[in-house]
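Chemist: Take a look at start_29.txt, compact mmCIF, C-alpha atoms and all ligand atoms:
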# COMPACT_ATOMS: atom_id res chain seq x y z
CA MET A 467 -174.70 127.68 77.63
CA SER A 468 -171.66 127.22 75.42
CA MET A 469 -170.22 130.37 73.79
CA GLN A 470 -167.24 129.77 71.54
CA ASN A 471 -164.85 132.56 70.52
CA ILE A 472 -163.13 130.80 67.65
CA TYR A 473 -162.25 134.03 65.80
CA ASP A 474 -159.70 134.79 68.51
CA ASN A 475 -157.93 131.54 67.65
CA GLU A 476 -154.83 132.72 65.71
CA ARG A 477 -155.08 130.07 62.99
CA PHE A 478 -158.80 130.48 62.48
CA PHE A 479 -158.54 134.28 62.40
CA GLU A 480 -155.72 134.26 59.81
CA ASN A 481 -157.59 131.76 57.67
CA PHE A 482 -160.83 133.76 57.81
CA LYS A 483 -158.96 136.95 56.99
CA SER A 484 -157.33 135.42 53.92
CA LEU A 485 -160.62 133.88 52.73
CA ARG A 486 -162.26 137.28 52.97
CA ALA A 487 -159.31 138.96 51.25
CA ASN A 488 -159.75 136.81 48.11
CA GLU A 489 -161.47 138.82 45.44
CA ILE A 490 -163.84 135.93 44.79
CA ASN A 491 -165.33 135.12 48.16
CA PHE A 492 -168.75 134.23 49.51
CA ASN A 493 -169.03 137.36 51.64
CA ASP A 494 -168.48 139.91 48.88
CA CYS A 495 -169.94 137.97 45.94
CA VAL A 496 -172.93 136.28 47.58
CA GLU A 497 -173.78 137.66 51.00
CA THR A 498 -173.22 141.39 50.71
CA PRO A 499 -175.11 142.02 47.44
CA ILE A 500 -178.26 140.25 48.67
CA MET A 501 -178.07 141.78 52.14
CA THR A 502 -177.64 145.25 50.60
CA GLU A 503 -180.70 144.81 48.37
CA MET A 504 -182.79 143.85 51.39
CA LEU A 505 -181.84 146.82 53.59
CA PRO A 506 -184.22 149.72 54.15
CA ASP A 507 -183.03 153.26 53.45
CA LEU A 508 -180.35 153.80 56.10
CA ARG A 509 -180.03 157.57 55.73
CA GLY A 510 -180.25 159.20 59.17
CA LYS A 511 -180.89 155.87 60.89
CA THR A 512 -179.26 154.40 64.00
CA VAL A 513 -177.90 150.94 63.20
CA LEU A 514 -176.80 148.02 65.39
CA ASP A 515 -174.67 145.40 63.60
CA LEU A 516 -174.48 142.14 65.59
CA GLY A 517 -171.39 139.97 65.08
CA CYS A 518 -169.78 142.83 63.11
CA GLY A 519 -166.45 141.03 62.70
CA MET A 520 -163.89 143.09 60.79
CA GLY A 521 -166.34 145.92 60.30
CA GLN A 522 -166.88 145.88 56.52
CA HIS A 523 -170.64 146.05 56.91
CA ALA A 524 -170.62 148.65 59.68
CA ARG A 525 -168.48 150.87 57.48
CA GLN A 526 -170.73 150.19 54.50
CA TYR A 527 -173.80 151.26 56.50
CA ALA A 528 -172.08 154.48 57.55
CA ASP A 529 -171.21 155.12 53.90
CA MET A 530 -174.88 154.51 53.04
CA GLY A 531 -175.81 157.45 55.24
CA ALA A 532 -176.58 155.90 58.64
CA ALA A 533 -176.51 158.47 61.45
CA SER A 534 -174.55 156.06 63.64
CA VAL A 535 -173.49 152.41 63.61
CA LEU A 536 -172.68 150.32 66.67
CA GLY A 537 -170.88 147.07 65.83
CA ILE A 538 -170.71 144.42 68.51
CA ASP A 539 -168.62 141.25 68.45
CA ILE A 540 -167.13 138.76 70.87
CA SER A 541 -163.70 138.60 69.20
CA GLU A 542 -160.94 141.05 70.17
CA LYS A 543 -158.99 140.23 67.01
CA MET A 544 -161.93 140.96 64.73
CA LEU A 545 -162.68 144.19 66.59
CA ALA A 546 -159.04 145.29 66.47
CA TYR A 547 -159.08 144.82 62.69
CA ALA A 548 -162.38 146.70 62.45
CA ARG A 549 -161.07 149.65 64.48
CA GLU A 550 -157.94 149.83 62.33
CA HIS A 551 -159.44 149.32 58.86
CA ASN A 552 -163.10 150.28 59.07
CA ALA A 553 -163.21 153.25 61.40
CA ALA A 554 -165.44 156.29 60.90
CA ASP A 555 -166.55 159.12 63.17
CA ASN A 556 -170.04 157.71 63.53
CA VAL A 557 -169.04 154.03 63.84
CA GLU A 558 -168.30 152.47 67.21
CA TYR A 559 -167.09 148.93 67.90
CA ARG A 560 -167.72 147.29 71.26
CA ARG A 561 -166.86 143.89 72.66
CA ILE A 562 -170.25 142.49 73.61
CA ALA A 563 -171.55 138.98 73.00
CA MET A 564 -174.78 138.77 71.03
CA GLU A 565 -176.17 136.82 73.97
CA ASP A 566 -175.75 140.04 76.01
CA ALA A 567 -177.36 142.34 73.43
CA GLY A 568 -180.27 142.79 75.82
CA THR A 569 -177.99 144.75 78.16
CA LEU A 570 -177.38 147.50 75.58
CA ALA A 571 -178.73 150.90 76.50
CA GLY A 572 -180.82 152.85 74.01
CA THR A 573 -182.76 151.81 70.95
CA PHE A 574 -182.03 151.50 67.24
CA ASP A 575 -183.88 152.02 63.96
CA VAL A 576 -182.23 149.10 62.19
CA ALA A 577 -180.53 145.95 63.45
CA THR A 578 -178.39 143.94 61.04
CA SER A 579 -176.32 140.81 61.23
CA SER A 580 -174.25 139.01 58.64
CA LEU A 581 -173.40 135.34 59.07
CA ALA A 582 -173.14 135.48 62.86
CA PHE A 583 -176.39 134.01 64.23
CA ASP A 584 -175.00 130.51 63.52
CA TYR A 585 -173.08 130.85 66.77
CA VAL A 586 -176.01 131.66 69.03
CA GLU A 587 -177.67 128.76 70.80
CA ASN A 588 -180.94 130.43 71.74
CA LEU A 589 -182.25 132.19 68.64
CA GLY A 590 -185.67 132.83 70.18
CA ARG A 591 -184.14 134.81 73.02
CA LEU A 592 -181.93 136.76 70.63
CA MET A 593 -184.97 137.66 68.51
CA ARG A 594 -186.83 138.94 71.58
CA ASP A 595 -183.77 140.95 72.72
CA ILE A 596 -183.41 142.56 69.29
CA TYR A 597 -187.14 143.26 69.10
CA ALA A 598 -186.92 145.11 72.42
CA LEU A 599 -183.93 147.17 71.17
CA LEU A 600 -185.74 148.37 68.05
CA ASN A 601 -187.90 151.43 67.72
CA ASP A 602 -191.45 150.85 66.51
CA GLY A 603 -191.41 150.37 62.75
CA GLY A 604 -187.73 149.32 62.96
CA PHE A 605 -186.08 146.61 60.91
CA LEU A 606 -184.00 143.51 61.54
CA VAL A 607 -182.19 142.36 58.40
CA PHE A 608 -179.92 139.35 58.73
CA SER A 609 -178.14 136.57 56.91
CA THR A 610 -177.09 133.31 58.45
CA SER A 611 -176.06 129.87 57.29
CA HIS A 612 -178.95 128.04 55.66
CA PRO A 613 -180.53 125.14 57.57
CA LEU A 614 -179.60 122.84 54.68
CA ALA A 615 -175.97 123.86 55.21
CA THR A 616 -175.85 123.74 59.02
CA ALA A 617 -177.36 120.24 58.97
CA TRP A 618 -173.87 119.03 58.04
CA ASP A 619 -172.45 117.02 60.92
CA GLY A 620 -169.00 116.44 59.48
CA VAL A 621 -169.52 112.68 59.19
CA TYR A 622 -170.06 112.51 55.44
CA ASP A 623 -168.92 114.61 52.45
CA ARG A 624 -171.00 117.71 51.80
CA TYR A 625 -171.44 116.68 48.15
CA THR A 626 -171.50 113.52 46.11
CA ARG A 627 -169.19 114.13 43.14
CA ASP A 628 -168.47 112.43 39.85
CA GLU A 629 -165.03 111.03 39.00
CA ASN A 630 -163.89 114.52 37.92
CA GLY A 631 -164.88 116.09 41.22
CA VAL A 632 -167.96 117.81 39.78
CA ARG A 633 -170.73 118.13 42.38
CA LEU A 634 -173.66 115.91 41.46
CA TYR A 635 -175.84 116.60 44.47
CA ALA A 636 -175.70 117.84 48.05
CA ASN A 637 -175.86 115.29 50.80
CA LEU A 638 -178.33 115.84 53.58
CA ARG A 639 -178.32 114.02 56.89
CA SER A 640 -179.69 114.60 60.38
CA TYR A 641 -181.63 117.69 59.29
CA ALA A 642 -184.28 117.14 61.97
CA LEU A 643 -181.72 116.95 64.78
CA GLU A 644 -181.33 120.53 65.99
CA GLY A 645 -178.58 121.83 68.22
CA LEU A 646 -174.82 122.04 68.47
CA ARG A 647 -172.69 120.84 65.56
CA ARG A 648 -169.01 120.40 66.37
CA VAL A 649 -167.09 119.77 63.17
CA ASN A 650 -163.52 120.02 61.89
CA TRP A 651 -163.30 123.12 59.71
CA VAL A 652 -159.97 124.94 59.69
CA VAL A 653 -159.60 123.91 63.33
CA ASP A 654 -160.86 120.87 65.20
CA GLY A 655 -164.02 121.45 67.15
CA TYR A 656 -165.52 124.39 65.22
CA GLU A 657 -168.95 124.94 66.76
CA LEU A 658 -172.20 126.25 65.33
CA TYR A 659 -175.88 125.66 65.91
CA HIS A 660 -178.19 123.92 63.47
CA ARG A 661 -181.90 124.72 63.48
CA THR A 662 -184.63 123.83 61.07
CA PHE A 663 -186.37 126.27 58.76
CA SER A 664 -189.54 126.16 60.86
CA THR A 665 -187.56 127.12 63.99
CA PHE A 666 -186.29 130.23 62.21
CA ILE A 667 -189.80 131.23 61.21
CA ASN A 668 -191.30 130.51 64.62
CA ASP A 669 -188.53 132.27 66.58
CA ILE A 670 -188.77 135.38 64.39
CA VAL A 671 -192.56 135.54 64.41
CA GLY A 672 -192.74 134.50 68.07
CA ALA A 673 -190.77 137.61 69.05
CA GLY A 674 -193.40 139.77 67.36
CA PHE A 675 -191.69 140.50 64.02
CA VAL A 676 -193.41 140.51 60.66
CA ILE A 677 -191.31 138.80 57.99
CA GLU A 678 -191.26 141.07 54.95
CA GLU A 679 -188.85 139.13 52.79
CA CYS A 680 -186.86 135.89 52.82
CA ARG A 681 -184.14 135.06 50.30
CA GLU A 682 -181.66 132.26 49.71
CA ALA A 683 -178.09 132.49 48.41
CA THR A 684 -177.57 132.71 44.67
CA VAL A 685 -174.95 134.33 42.43
CA PRO A 686 -175.45 136.07 39.10
CA GLU A 687 -175.00 133.82 36.07
CA GLU A 688 -171.73 135.54 34.98
CA LEU A 689 -170.09 134.83 38.35
CA MET A 690 -171.40 131.28 38.39
CA SER A 691 -170.04 130.44 34.97
CA ALA A 692 -166.69 132.17 35.62
CA HIS A 693 -166.22 130.55 39.04
CA GLU A 694 -168.19 127.32 38.94
CA ASP A 695 -165.50 125.68 41.11
CA VAL A 696 -166.23 128.17 43.93
CA PHE A 697 -169.99 128.73 43.62
CA GLY A 698 -171.21 125.56 41.84
CA GLY A 699 -172.57 124.10 45.07
CA LEU A 700 -175.19 126.87 45.29
CA VAL A 701 -177.17 125.17 42.53
CA HIS A 702 -177.72 122.23 44.87
CA LYS A 703 -177.80 123.95 48.26
CA PRO A 704 -178.23 127.63 49.18
CA GLU A 705 -175.49 128.16 51.76
CA PHE A 706 -177.12 131.25 53.28
CA ILE A 707 -180.62 132.39 54.16
CA PHE A 708 -181.70 136.04 54.55
CA PHE A 709 -184.64 137.64 56.35
CA ARG A 710 -185.97 141.19 56.47
CA CYS A 711 -188.16 141.49 59.55
CA ARG A 712 -190.15 144.48 60.75
CA LYS A 713 -191.25 145.53 64.21
CA PRO A 714 -194.79 146.72 63.56
CA LYS A 715 -195.70 150.34 64.25
CA LYS A 716 -197.98 150.69 67.27
C1 LIG A 801 -168.49 134.83 59.79
S1 LIG A 801 -168.02 136.16 60.84
C2 LIG A 801 -168.96 137.47 60.11
C3 LIG A 801 -168.41 138.83 60.42
C4 LIG A 801 -169.11 140.00 59.71
N1 LIG A 801 -170.49 140.13 60.12
C5 LIG A 801 -169.00 139.89 58.21
O1 LIG A 801 -170.04 139.74 57.55
O2 LIG A 801 -167.89 139.91 57.70
C6 LIG A 801 -168.88 135.84 62.36
C7 LIG A 801 -168.59 136.83 63.48
O3 LIG A 801 -169.44 136.53 64.58
C8 LIG A 801 -168.69 136.74 65.77
N2 LIG A 801 -169.29 135.98 66.89
C9 LIG A 801 -169.32 134.64 67.07
N3 LIG A 801 -169.97 134.34 68.19
C10 LIG A 801 -170.37 135.52 68.75
C11 LIG A 801 -171.10 135.86 69.91
N4 LIG A 801 -171.56 134.91 70.73
N5 LIG A 801 -171.34 137.17 70.15
C12 LIG A 801 -170.88 138.15 69.31
N6 LIG A 801 -170.17 137.87 68.20
C13 LIG A 801 -169.92 136.57 67.91
C14 LIG A 801 -167.29 136.26 65.42
O4 LIG A 801 -166.33 136.72 66.33
C15 LIG A 801 -167.17 136.79 64.00
O5 LIG A 801 -166.63 138.09 64.00
Show how you would write the structure in this file as structure tokens.
Modeler:
Amino acid sequence: MSMQNIYDNERFFENFKSLRANEINFNDCVETPIMTEMLPDLRGKTVLDLGCGMGQHARQYADMGAASVLGIDISEKMLAYAREHNAADNVEYRRIAMEDAGTLAGTFDVATSSLAFDYVENLGRLMRDIYALLNDGGFLVFSTSHPLATAWDGVYDRYTRDENGVRLYANLRSYALEGLRRVNWVVDGYELYHRTFSTFINDIVGAGFVIEECREATVPEELMSAHEDVFGGLVHKPEFIFFRCRKPKK
């Protein structure tokens, strides 16, 4: 099993940090608002945030009233940032790979993950591990790159554009070929896993979850018209997909 830790690469880390520091970025303008709308009431709940990165979400969940938040991530650099900038008494950050989530002691009311499952090869196993970590009636709410986005294999341009650079349509290739994609993005050899939409559904349901809601990335009209250069591609291709899953009550 390959497990890349690209966020500890100095260049990648600095680039990611500056992307996220832009006021107009995909995390704050697209991912977080949708994710937040899909969360259950977190007041008094124990939360596990997988692939917590720099801790913005963990801190947000504590601010939303969670009793405790455990953020796990594979990257020391991301965790160091989280501990420095997004600390709270009831938030803990631990260096644990998502692939090892099954070794965590205890159970949680809510598991969350934002844009991190792309890096996990075996989604079915991860779903079963998270299911086992949740209390009955618990939730898993996550975002990840959309299958139409991860299909990109780096060989062709993501969009066909007119002579002014305006995106005419998204290019799609090799969608049916699941597995590792190694592309050049910020650094050479950036790795993520592509899976089809049906694999997502079957891995989630196969673990025992009920899917309560599924959404795809959009931005409000005002943001789209003000920042068409940044978000215009979302009209053709939803970069992210979101699921709210429930572990049924016994
Ligand atoms: C795109 S960032 C998202 C961070 C954060 N959830 C957010 O929304 O800002 C992906 C994160 O997943 C982490 N990651 C990648 N592979 C991992 C693995 N196998 N186990 C745990 N974390 C991993 C990275 O280190 C990085 O912090």
Chemist: In Å, how far is it from CA of Asp628 (chain A) to CA of Val696 (chain A)?
Modeler: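 Between CA of Asp628 (chain A) and CA of Val696 (chain A) the gap works out to 16.4 Å.
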Chemist: Enter the distance from CA of Asp507 (chain A) to CA of Glu678 (chain A), in Å, rounded to one decimal.
Modeler: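 Computing the Euclidean distance for CA of Asp507 (chain A) and CA of Glu678 (chain A) yields 14.8 Å.
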Chemist: Write as a PyMOL selection string the residues around ligand LIG 801 (chain A), taking 6 Å as the cut-off and counting all atoms listed in the file.
Modeler: chain A and resi 469+471+473+517-520+539-541+544+563-565+579-582+585-586
Chemist: Which one is closest to Leu485 (chain A): A:Ala577, A:Ala692, A:Ala598, A:Val652? Count all atoms listed in the file.
Modeler: A:Val652
Chemist: If we count only C-alpha atoms and set the cut-off at 9 Å, which residues sit around Glu542 (chain A), ignoring sequence neighbours fewer than 4 positions away in its own chain? Please answer as number ranges by chain.
Modeler: A: 473-474, 546-547, 561
Chemist: Give me the box for region 621-628 of chain A as lines of an AutoDock Vina configuration file, namely the centre and edge lengths in Å to one decimal of a box along x, y and z that holds every listed atom plus 8 Å on each side.
Modeler:
center_x = -170.0
center_y = 115.1
center_z = 49.5
size_x = 19.0
size_y = 21.3
size_z = 35.3
Chemist: Could you name the residues that touch Gly672 (chain A) at 10 Å or less, counting all atoms listed in the file, but leaving out those on the same chain fewer than 6 positions away, as number ranges by chain?
Modeler: A: 590-591, 593-594, 665-666
Chemist: Can you list, as a list in words, every protein, DNA or RNA residue that comes within 9 Å of Leu505 (chain A) when you count all atoms listed in the file, leaving out same-chain residues fewer than 2 positions away?
Modeler: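 Those residues are Ile500, Met501, Thr502, Glu503, Asp507, Leu508, Val576, Thr578, Phe605, Leu606, Val607 and Arg710 of chain A.
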Chemist: Which is closest to Gly655 (chain A) among A:Asp529, A:Arg509, A:Ile472, A:Lys715, if we use all atoms listed in the file?
Modeler: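 Comparing A:Asp529, A:Arg509, A:Ile472, A:Lys715 against Gly655 (chain A), the winner is A:Ile472.
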Chemist: Residues at most 8 Å from Thr662 (chain A), counting only C-alpha atoms, excluding those fewer than 4 positions away in the same chain, as an NGL selection string?
Modeler: :A and (613 or 641-642 or 644 or 666)
Chemist: Considering only C-alpha atoms, state which residue in the set A:Ile707, A:Lys716, A:Ile596, A:His693 is at the smallest distance from Asn491 (chain A).
Modeler: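 For Asn491 (chain A), the nearest of the candidates is A:His693.
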Chemist: Using all atoms listed in the file, find all polymer residues with an atom at most 12 Å away from the point (-171.2, 139.1, 48.2); report them as a list in words.
Modeler: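 Checking each residue against the 12 Å limit leaves Arg486, Asn488, Glu489, Ile490, Asn491, Phe492, Asn493, Asp494, Cys495, Val496, Glu497, Thr498, Pro499, Ile500, Met501, Thr502, Glu503, Gln522, His523, Ser580, Leu581, Ser609, Ala683, Thr684, Val685, Pro686, Leu689, Phe697 and Phe706 of chain A.
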Chemist: List as a list in words the protein and nucleic acid residues near Ala524 (chain A), meaning an atom at most 8 Å away when all atoms listed in the file are counted, but skip any in the same chain fewer than 4 places from it.
Modeler: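 These residues fall inside the cut-off: Asp515, Cys518, Ala528, Val535, Leu536, Gly537, Asn552 and Val557 of chain A.
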Chemist: For Leu570 (chain A), which residue among A:Ala487, A:Leu599, A:Val621, A:Leu643 is the nearest when counting only C-alpha atoms?
Modeler: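 Under the stated criterion, the closest residue is A:Leu599.
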Chemist: For a quick check of understanding, using all atoms listed in the file, which of A:Leu658, A:Val632, A:Ala532, A:Val676 has the smallest distance to Lys511 (chain A)?
Modeler: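 Using all atoms listed in the file, Lys511 (chain A) sits closest to A:Ala532.
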Chemist: At what distance in Å, to one decimal, does CA of Glu679 (chain A) lie from CA of Phe709 (chain A)?
Modeler: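 These atoms are spaced 5.7 Å apart.
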Chemist: From the list A:Asn481, A:Asn601, A:Ile677, A:Leu700, which residue is nearest Ala636 (chain A) when using all atoms listed in the file?
Modeler: A:Leu700
Chemist: Write a file for region 620-712 of chain A of the given structure; include C-alpha atoms and format it as a compact mmCIF listing (two decimals), in the first residue's frame.
Modeler:
# COMPACT_ATOMS: atom_id res chain seq x y z
CA GLY A 620 -2.52 14.86 -16.16
CA VAL A 621 -2.19 13.92 -19.83
CA TYR A 622 -4.61 16.48 -21.25
CA ASP A 623 -5.82 19.94 -20.17
CA ARG A 624 -8.60 19.93 -17.59
CA TYR A 625 -10.67 22.27 -19.78
CA THR A 626 -11.07 23.09 -23.43
CA ARG A 627 -10.96 26.89 -23.67
CA ASP A 628 -11.75 29.49 -26.30
CA GLU A 629 -9.10 31.84 -27.68
CA ASN A 630 -9.61 34.14 -24.67
CA GLY A 631 -9.00 31.37 -22.18
CA VAL A 632 -12.67 31.06 -21.22
CA ARG A 633 -13.57 27.49 -20.25
CA LEU A 634 -15.90 25.96 -22.83
CA TYR A 635 -16.19 22.50 -21.34
CA ALA A 636 -14.44 20.10 -18.99
CA ASN A 637 -12.47 17.29 -20.51
CA LEU A 638 -13.09 13.80 -19.24
CA ARG A 639 -10.84 10.82 -19.88
CA SER A 640 -10.20 7.45 -18.28
CA TYR A 641 -13.10 7.85 -15.84
CA ALA A 642 -13.65 4.10 -15.66
CA LEU A 643 -10.02 3.38 -14.76
CA GLU A 644 -9.92 3.49 -10.97
CA GLY A 645 -6.81 3.68 -8.84
CA LEU A 646 -3.69 5.74 -8.32
CA ARG A 647 -3.26 8.98 -10.27
CA ARG A 648 0.24 10.41 -10.18
CA VAL A 649 0.21 13.89 -11.69
CA ASN A 650 2.33 17.04 -11.65
CA TRP A 651 0.58 19.56 -9.41
CA VAL A 652 2.82 21.96 -7.50
CA VAL A 653 5.33 19.12 -7.26
CA ASP A 654 6.06 16.23 -9.60
CA GLY A 655 4.43 12.99 -8.61
CA TYR A 656 1.47 14.28 -6.57
CA GLU A 657 -0.59 11.18 -5.77
CA LEU A 658 -4.30 10.68 -5.21
CA TYR A 659 -6.80 7.92 -5.81
CA HIS A 660 -9.57 8.06 -8.39
CA ARG A 661 -12.75 6.05 -7.87
CA THR A 662 -16.04 6.11 -9.67
CA PHE A 663 -19.27 7.43 -8.23
CA SER A 664 -20.66 3.91 -7.84
CA THR A 665 -17.61 2.87 -5.80
CA PHE A 666 -18.30 5.71 -3.36
CA ILE A 667 -21.91 4.64 -2.97
CA ASN A 668 -21.10 0.95 -2.64
CA ASP A 669 -18.23 1.46 -0.16
CA ILE A 670 -20.36 3.73 2.04
CA VAL A 671 -23.44 1.52 1.97
CA GLY A 672 -21.35 -1.66 2.16
CA ALA A 673 -19.99 -0.55 5.54
CA GLY A 674 -23.54 -0.30 6.86
CA PHE A 675 -24.14 3.46 6.57
CA VAL A 676 -27.36 5.06 5.37
CA ILE A 677 -26.70 7.98 3.02
CA GLU A 678 -28.85 10.88 4.18
CA GLU A 679 -27.60 13.53 1.79
CA CYS A 680 -25.20 13.94 -1.12
CA ARG A 681 -24.18 17.31 -2.55
CA GLU A 682 -21.82 18.59 -5.23
CA ALA A 683 -19.71 21.75 -5.20
CA THR A 684 -21.36 25.01 -6.19
CA VAL A 685 -20.86 28.66 -5.22
CA PRO A 686 -23.48 31.34 -4.70
CA GLU A 687 -24.22 33.44 -7.78
CA GLU A 688 -22.58 36.61 -6.30
CA LEU A 689 -19.28 34.79 -5.77
CA MET A 690 -19.45 33.18 -9.19
CA SER A 691 -20.00 36.45 -11.01
CA ALA A 692 -17.37 38.30 -8.95
CA HIS A 693 -14.75 35.56 -9.33
CA GLU A 694 -15.61 33.75 -12.54
CA ASP A 695 -11.88 33.27 -13.21
CA VAL A 696 -11.54 31.22 -9.99
CA PHE A 697 -14.87 29.38 -9.80
CA GLY A 698 -16.04 29.31 -13.45
CA GLY A 699 -15.04 25.68 -13.85
CA LEU A 700 -17.70 24.59 -11.34
CA VAL A 701 -20.38 25.18 -13.97
CA HIS A 702 -18.85 22.38 -16.01
CA LYS A 703 -17.50 20.09 -13.30
CA PRO A 704 -18.23 19.96 -9.55
CA GLU A 705 -14.75 19.70 -8.03
CA PHE A 706 -15.99 18.26 -4.73
CA ILE A 707 -18.61 15.78 -3.59
CA PHE A 708 -20.15 15.67 -0.08
CA PHE A 709 -21.93 12.91 1.82
CA ARG A 710 -23.80 12.85 5.12
CA CYS A 711 -23.97 9.23 6.28
CA ARG A 712 -25.64 7.81 9.36
